[in-house]
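Everything on this sheet refers to the single structure shown next.
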Amino acid sequence: MIIKRPALALIIGASFAMSGAVIAEGVDLAADKCEHCHNANNDNEKVPNIAGFSALYFKDTLEHYKTEERPAGEKIETEGNEPTDMKMVAESLSEEEITALADYFATQESKAIPQEVDSELVKKGKKVYKKRCKNCHADGGSDPEDDAGILAGQHMSYLREQISLFRKNAEDKKDGRQQSKKMRKKIKKISDADAEALVHFFASQSQ
Ligand code: HEC
Ligand code: HEC
């Protein structure tokens, strides 16, 4: 044991140093390629807040944009940048770069976006959430450990769009955004009114 300990400390030290370097690469890449859209002000209602996501969900998601299991939204143009969508962004990144970005964004603190919600709809949405979504999206959709994104405090128009893509997919498996069989079963059961209530509920949740 006495002999092994320093060796173990060395290994741990080396892996910390390595992940530090990977995160530093993520900081530069994010500033260069992501933060003109995904910024701390969250000023574009089509663009989700991606701070604090689990690295696993993050990596899977970028992979899904590449394979089109997840359809990218419309191209967005920001000042000084060409119009792009998430498929183009994902395709421009190497595996190493995706890992660096995933590790970096996982260290960032996620904050709910302040929005006006309808309290009646929040109440109604909470009921639907408890019955059909809570098992996989814990704590109002705020727990990154679910590896299912962060729904709490996202822009309402983003939530509306993604729920609608899952509902399309529940109707026709080739359409919309791919999901697991289990989630599809729950999504299939919600009505238009439930979907809107869920949007208000998730938007009202703190992270
Ligand atoms: C031109 C604007 C733009 C740029 C640049 C951009 N994104 Fe996005 N991103 C979006 C929009 C809009 C969405 C949501 C709509 C969609 O699915 O396309 C999104 C969605 C995402 C999601 C999924 C979020 C979720 O809740 O599931 C991740 C992860 C992501 N982006 C990561 C990145 C990374 C990493 C970069 C930089 C390498 C980046 N984005 C650059 C606009 C952008
Ligand atoms: C059986 C587990 C399960 C259930 C039940 C479930 N989800 Fe999900 N959900 C997931 C997983 C896993 C993902 C990530 C999918 C992916 O990798 O694209 C996800 C992703 C999402 C996203 C996208 C997150 C993002 O950041 O873009 C939304 C929105 C969502 N779910 C809404 C719901 C709603 C609303 C319900 C209830 C009606 C529900 N889910 C029920 C497992 C589930």
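Naming scheme: A, B, ... for chains in displayed order of the structure tokens; residues 1 onward per chain; ligands 1 onward as shown.
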
Per-residue nearest contacts of chain A to ligand 2 (7 Å; only C-alpha atoms and all ligand atoms) as JSON lines:
```
{"residue": "A:Tyr57", "atom": "CA", "partner": "ligand 2", "partner_atom_place_in_ligand_line": "17 (O)", "distance": 6.2}
{"residue": "A:Asp60", "atom": "CA", "partner": "ligand 2", "partner_atom_place_in_ligand_line": "17 (O)", "distance": 6.2}
{"residue": "A:Thr61", "atom": "CA", "partner": "ligand 2", "partner_atom_place_in_ligand_line": "17 (O)", "distance": 5.9}
{"residue": "A:Arg70", "atom": "CA", "partner": "ligand 2", "partner_atom_place_in_ligand_line": "18 (O)", "distance": 6.9}
{"residue": "A:Val128", "atom": "CA", "partner": "ligand 2", "partner_atom_place_in_ligand_line": "38 (C)", "distance": 6.9}
{"residue": "A:Tyr129", "atom": "CA", "partner": "ligand 2", "partner_atom_place_in_ligand_line": "37 (C)", "distance": 5.8}
{"residue": "A:Arg132", "atom": "CA", "partner": "ligand 2", "partner_atom_place_in_ligand_line": "37 (C)", "distance": 4.5}
{"residue": "A:Cys133", "atom": "CA", "partner": "ligand 2", "partner_atom_place_in_ligand_line": "37 (C)", "distance": 3.4}
{"residue": "A:Lys134", "atom": "CA", "partner": "ligand 2", "partner_atom_place_in_ligand_line": "5 (C)", "distance": 6.8}
{"residue": "A:Asn135", "atom": "CA", "partner": "ligand 2", "partner_atom_place_in_ligand_line": "5 (C)", "distance": 5.8}
{"residue": "A:Cys136", "atom": "CA", "partner": "ligand 2", "partner_atom_place_in_ligand_line": "2 (C)", "distance": 4.3}
{"residue": "A:His137", "atom": "CA", "partner": "ligand 2", "partner_atom_place_in_ligand_line": "7 (N)", "distance": 6.3}
{"residue": "A:Asp147", "atom": "CA", "partner": "ligand 2", "partner_atom_place_in_ligand_line": "12 (C)", "distance": 6.4}
{"residue": "A:Ala148", "atom": "CA", "partner": "ligand 2", "partner_atom_place_in_ligand_line": "14 (C)", "distance": 3.8}
{"residue": "A:Gly149", "atom": "CA", "partner": "ligand 2", "partner_atom_place_in_ligand_line": "26 (O)", "distance": 3.9}
{"residue": "A:Ile150", "atom": "CA", "partner": "ligand 2", "partner_atom_place_in_ligand_line": "26 (O)", "distance": 5.2}
{"residue": "A:Leu151", "atom": "CA", "partner": "ligand 2", "partner_atom_place_in_ligand_line": "26 (O)", "distance": 5.8}
{"residue": "A:Leu159", "atom": "CA", "partner": "ligand 2", "partner_atom_place_in_ligand_line": "29 (C)", "distance": 5.5}
{"residue": "A:Gln162", "atom": "CA", "partner": "ligand 2", "partner_atom_place_in_ligand_line": "29 (C)", "distance": 5.1}
{"residue": "A:Ile163", "atom": "CA", "partner": "ligand 2", "partner_atom_place_in_ligand_line": "29 (C)", "distance": 4.9}
{"residue": "A:Gln178", "atom": "CA", "partner": "ligand 2", "partner_atom_place_in_ligand_line": "18 (O)", "distance": 6.7}
{"residue": "A:Gln179", "atom": "CA", "partner": "ligand 2", "partner_atom_place_in_ligand_line": "15 (C)", "distance": 5.7}
{"residue": "A:Ser180", "atom": "CA", "partner": "ligand 2", "partner_atom_place_in_ligand_line": "12 (C)", "distance": 6.7}
{"residue": "A:Lys182", "atom": "CA", "partner": "ligand 2", "partner_atom_place_in_ligand_line": "1 (C)", "distance": 4.5}
{"residue": "A:Met183", "atom": "CA", "partner": "ligand 2", "partner_atom_place_in_ligand_line": "4 (C)", "distance": 4.1}
{"residue": "A:Lys186", "atom": "CA", "partner": "ligand 2", "partner_atom_place_in_ligand_line": "38 (C)", "distance": 5.3}
{"residue": "A:Ile187", "atom": "CA", "partner": "ligand 2", "partner_atom_place_in_ligand_line": "38 (C)", "distance": 4.7}
{"residue": "A:Ile190", "atom": "CA", "partner": "ligand 2", "partner_atom_place_in_ligand_line": "38 (C)", "distance": 6.4}
{"residue": "A:Ala195", "atom": "CA", "partner": "ligand 2", "partner_atom_place_in_ligand_line": "35 (C)", "distance": 6.9}
{"residue": "A:Leu198", "atom": "CA", "partner": "ligand 2", "partner_atom_place_in_ligand_line": "35 (C)", "distance": 6.2}
```

Produce as a VMD selection string the set of residues near ligand 1, where near means within 6 Å with only C-alpha atoms and all ligand atoms considered.
chain A and resid 30 33 to 34 37 46 to 48 50 58 61 72 to 73 76 to 77 84 to 86 89 101 149

Convert the current residue selection to file output with C-alpha atoms, as a compact mmCIF listing (two decimals), in the first residue's frame.
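Below is the file that was written, again26.txt:
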```txt
# COMPACT_ATOMS: atom_id res chain seq x y z
CA ALA A 30 -16.64 27.51 -27.27
CA LYS A 33 -17.63 28.41 -32.40
CA CYS A 34 -20.53 28.40 -29.93
CA CYS A 37 -25.28 31.78 -30.22
CA LYS A 46 -34.55 29.69 -30.33
CA VAL A 47 -31.19 28.90 -28.74
CA PRO A 48 -31.17 26.68 -25.65
CA ILE A 50 -26.41 24.40 -22.74
CA PHE A 58 -23.90 16.57 -24.80
CA THR A 61 -26.69 15.10 -28.94
CA ALA A 72 -31.40 20.81 -36.69
CA GLY A 73 -33.52 23.95 -36.53
CA ILE A 76 -29.24 31.38 -37.60
CA GLU A 77 -27.09 34.32 -38.59
CA THR A 84 -25.31 28.02 -39.52
CA ASP A 85 -27.39 25.25 -37.97
CA MET A 86 -26.47 22.54 -35.48
CA VAL A 89 -21.75 22.89 -36.35
CA LEU A 101 -16.59 21.07 -25.41
CA GLY A 149 -30.85 17.53 -21.26
```

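Nearest to His36 of chain A of all the residues A:Ser191, A:Gly80, A:Gly52, A:Lys181 is A:Gly80, counting only C-alpha atoms.
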
For Thr67 of chain A, please output as a ChimeraX atom specification all residues within 10 Å (counting only C-alpha atoms; exclusion window: fewer than 4 positions along the same chain).
/A:61-63,71,87,90-91

Just asking: which residues within segment 33-176 of chain A are helix (DSSP H, G or I) according to DSSP, as an MDAnalysis selection string?
chainID A and resid 33 55:67 86:91 95:107 119:132 138:141 144:146 156:171

Any chance you could export the current selection's C-alpha atoms as a PDB file, in the first residue's frame?
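Wrote again-v4.pdb, looks like this:
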```pdb
ATOM      1  CA  LYS A  33     -17.628  28.408 -32.400  1.00  0.00           C
ATOM      2  CA  ALA A  55     -21.044  15.316 -20.928  1.00  0.00           C
ATOM      3  CA  LEU A  56     -22.766  12.108 -22.025  1.00  0.00           C
ATOM      4  CA  TYR A  57     -25.978  13.811 -23.201  1.00  0.00           C
ATOM      5  CA  PHE A  58     -23.904  16.569 -24.803  1.00  0.00           C
ATOM      6  CA  LYS A  59     -21.803  14.149 -26.870  1.00  0.00           C
ATOM      7  CA  ASP A  60     -24.780  12.007 -27.874  1.00  0.00           C
ATOM      8  CA  THR A  61     -26.693  15.102 -28.936  1.00  0.00           C
ATOM      9  CA  LEU A  62     -23.961  16.359 -31.255  1.00  0.00           C
ATOM     10  CA  GLU A  63     -23.729  12.860 -32.722  1.00  0.00           C
ATOM     11  CA  HIS A  64     -27.525  12.857 -33.261  1.00  0.00           C
ATOM     12  CA  TYR A  65     -27.348  16.120 -35.204  1.00  0.00           C
ATOM     13  CA  LYS A  66     -24.736  14.557 -37.487  1.00  0.00           C
ATOM     14  CA  THR A  67     -26.833  11.455 -38.152  1.00  0.00           C
ATOM     15  CA  MET A  86     -26.473  22.535 -35.476  1.00  0.00           C
ATOM     16  CA  LYS A  87     -25.877  19.872 -38.133  1.00  0.00           C
ATOM     17  CA  MET A  88     -23.225  22.081 -39.763  1.00  0.00           C
ATOM     18  CA  VAL A  89     -21.750  22.893 -36.348  1.00  0.00           C
ATOM     19  CA  ALA A  90     -21.593  19.218 -35.310  1.00  0.00           C
ATOM     20  CA  GLU A  91     -20.039  18.172 -38.614  1.00  0.00           C
ATOM     21  CA  GLU A  95     -14.363  13.682 -31.683  1.00  0.00           C
ATOM     22  CA  GLU A  96     -11.644  15.276 -29.527  1.00  0.00           C
ATOM     23  CA  GLU A  97     -13.157  18.717 -29.923  1.00  0.00           C
ATOM     24  CA  ILE A  98     -16.603  17.406 -28.980  1.00  0.00           C
ATOM     25  CA  THR A  99     -15.146  15.816 -25.827  1.00  0.00           C
ATOM     26  CA  ALA A 100     -13.370  19.062 -24.906  1.00  0.00           C
ATOM     27  CA  LEU A 101     -16.587  21.067 -25.407  1.00  0.00           C
ATOM     28  CA  ALA A 102     -18.681  18.537 -23.475  1.00  0.00           C
ATOM     29  CA  ASP A 103     -16.265  18.655 -20.526  1.00  0.00           C
ATOM     30  CA  TYR A 104     -16.141  22.438 -20.608  1.00  0.00           C
ATOM     31  CA  PHE A 105     -19.907  23.045 -20.763  1.00  0.00           C
ATOM     32  CA  ALA A 106     -20.453  20.457 -17.988  1.00  0.00           C
ATOM     33  CA  THR A 107     -18.398  22.689 -15.666  1.00  0.00           C
ATOM     34  CA  SER A 119     -49.611  30.108 -13.284  1.00  0.00           C
ATOM     35  CA  GLU A 120     -52.727  28.088 -14.172  1.00  0.00           C
ATOM     36  CA  LEU A 121     -50.844  26.357 -16.980  1.00  0.00           C
ATOM     37  CA  VAL A 122     -47.867  25.744 -14.676  1.00  0.00           C
ATOM     38  CA  LYS A 123     -50.209  23.949 -12.254  1.00  0.00           C
ATOM     39  CA  LYS A 124     -51.767  21.886 -15.007  1.00  0.00           C
ATOM     40  CA  GLY A 125     -48.342  21.126 -16.504  1.00  0.00           C
ATOM     41  CA  LYS A 126     -47.036  19.944 -13.153  1.00  0.00           C
ATOM     42  CA  LYS A 127     -49.728  17.264 -13.026  1.00  0.00           C
ATOM     43  CA  VAL A 128     -48.920  15.996 -16.511  1.00  0.00           C
ATOM     44  CA  TYR A 129     -45.210  16.129 -15.671  1.00  0.00           C
ATOM     45  CA  LYS A 130     -45.645  14.031 -12.527  1.00  0.00           C
ATOM     46  CA  LYS A 131     -47.617  11.424 -14.366  1.00  0.00           C
ATOM     47  CA  ARG A 132     -45.679  11.138 -17.606  1.00  0.00           C
ATOM     48  CA  ALA A 138     -36.189  14.508 -12.240  1.00  0.00           C
ATOM     49  CA  ASP A 139     -36.545  17.716 -10.174  1.00  0.00           C
ATOM     50  CA  GLY A 140     -38.630  19.602 -12.715  1.00  0.00           C
ATOM     51  CA  GLY A 141     -36.232  18.614 -15.493  1.00  0.00           C
ATOM     52  CA  PRO A 144     -28.201  16.858 -15.553  1.00  0.00           C
ATOM     53  CA  GLU A 145     -27.538  13.348 -14.195  1.00  0.00           C
ATOM     54  CA  ASP A 146     -30.644  12.171 -16.060  1.00  0.00           C
ATOM     55  CA  MET A 156     -40.459  28.506 -23.905  1.00  0.00           C
ATOM     56  CA  SER A 157     -40.191  28.604 -27.675  1.00  0.00           C
ATOM     57  CA  TYR A 158     -37.311  26.090 -27.547  1.00  0.00           C
ATOM     58  CA  LEU A 159     -39.307  23.737 -25.292  1.00  0.00           C
ATOM     59  CA  ARG A 160     -42.397  24.115 -27.506  1.00  0.00           C
ATOM     60  CA  GLU A 161     -40.397  23.262 -30.615  1.00  0.00           C
ATOM     61  CA  GLN A 162     -38.687  20.173 -29.127  1.00  0.00           C
ATOM     62  CA  ILE A 163     -41.883  18.763 -27.598  1.00  0.00           C
ATOM     63  CA  SER A 164     -43.587  19.249 -30.936  1.00  0.00           C
ATOM     64  CA  LEU A 165     -40.731  17.383 -32.712  1.00  0.00           C
ATOM     65  CA  PHE A 166     -41.109  14.457 -30.280  1.00  0.00           C
ATOM     66  CA  ARG A 167     -44.878  14.454 -30.831  1.00  0.00           C
ATOM     67  CA  LYS A 168     -44.332  14.307 -34.600  1.00  0.00           C
ATOM     68  CA  ASN A 169     -42.036  11.344 -34.031  1.00  0.00           C
ATOM     69  CA  ALA A 170     -44.658   9.657 -31.854  1.00  0.00           C
ATOM     70  CA  GLU A 171     -47.031   9.882 -34.847  1.00  0.00           C
TER      71      GLU A 171
END
```

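Taking atom CA of Glu116 of chain A and atom CA of Lys188 of chain A as endpoints, the distance between them is 27.5 Å.
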
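For the pair atom CA of Leu93 of chain A and atom CA of Asp32 of chain A, the interatomic distance is 12.1 Å.
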
Counting only C-alpha atoms, the residue of A:Lys185, A:His38, A:Asp175, A:Ala197 that sits nearest Glu69 of chain A
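Closest to Glu69 of chain A of all the choices is A:Asp175.
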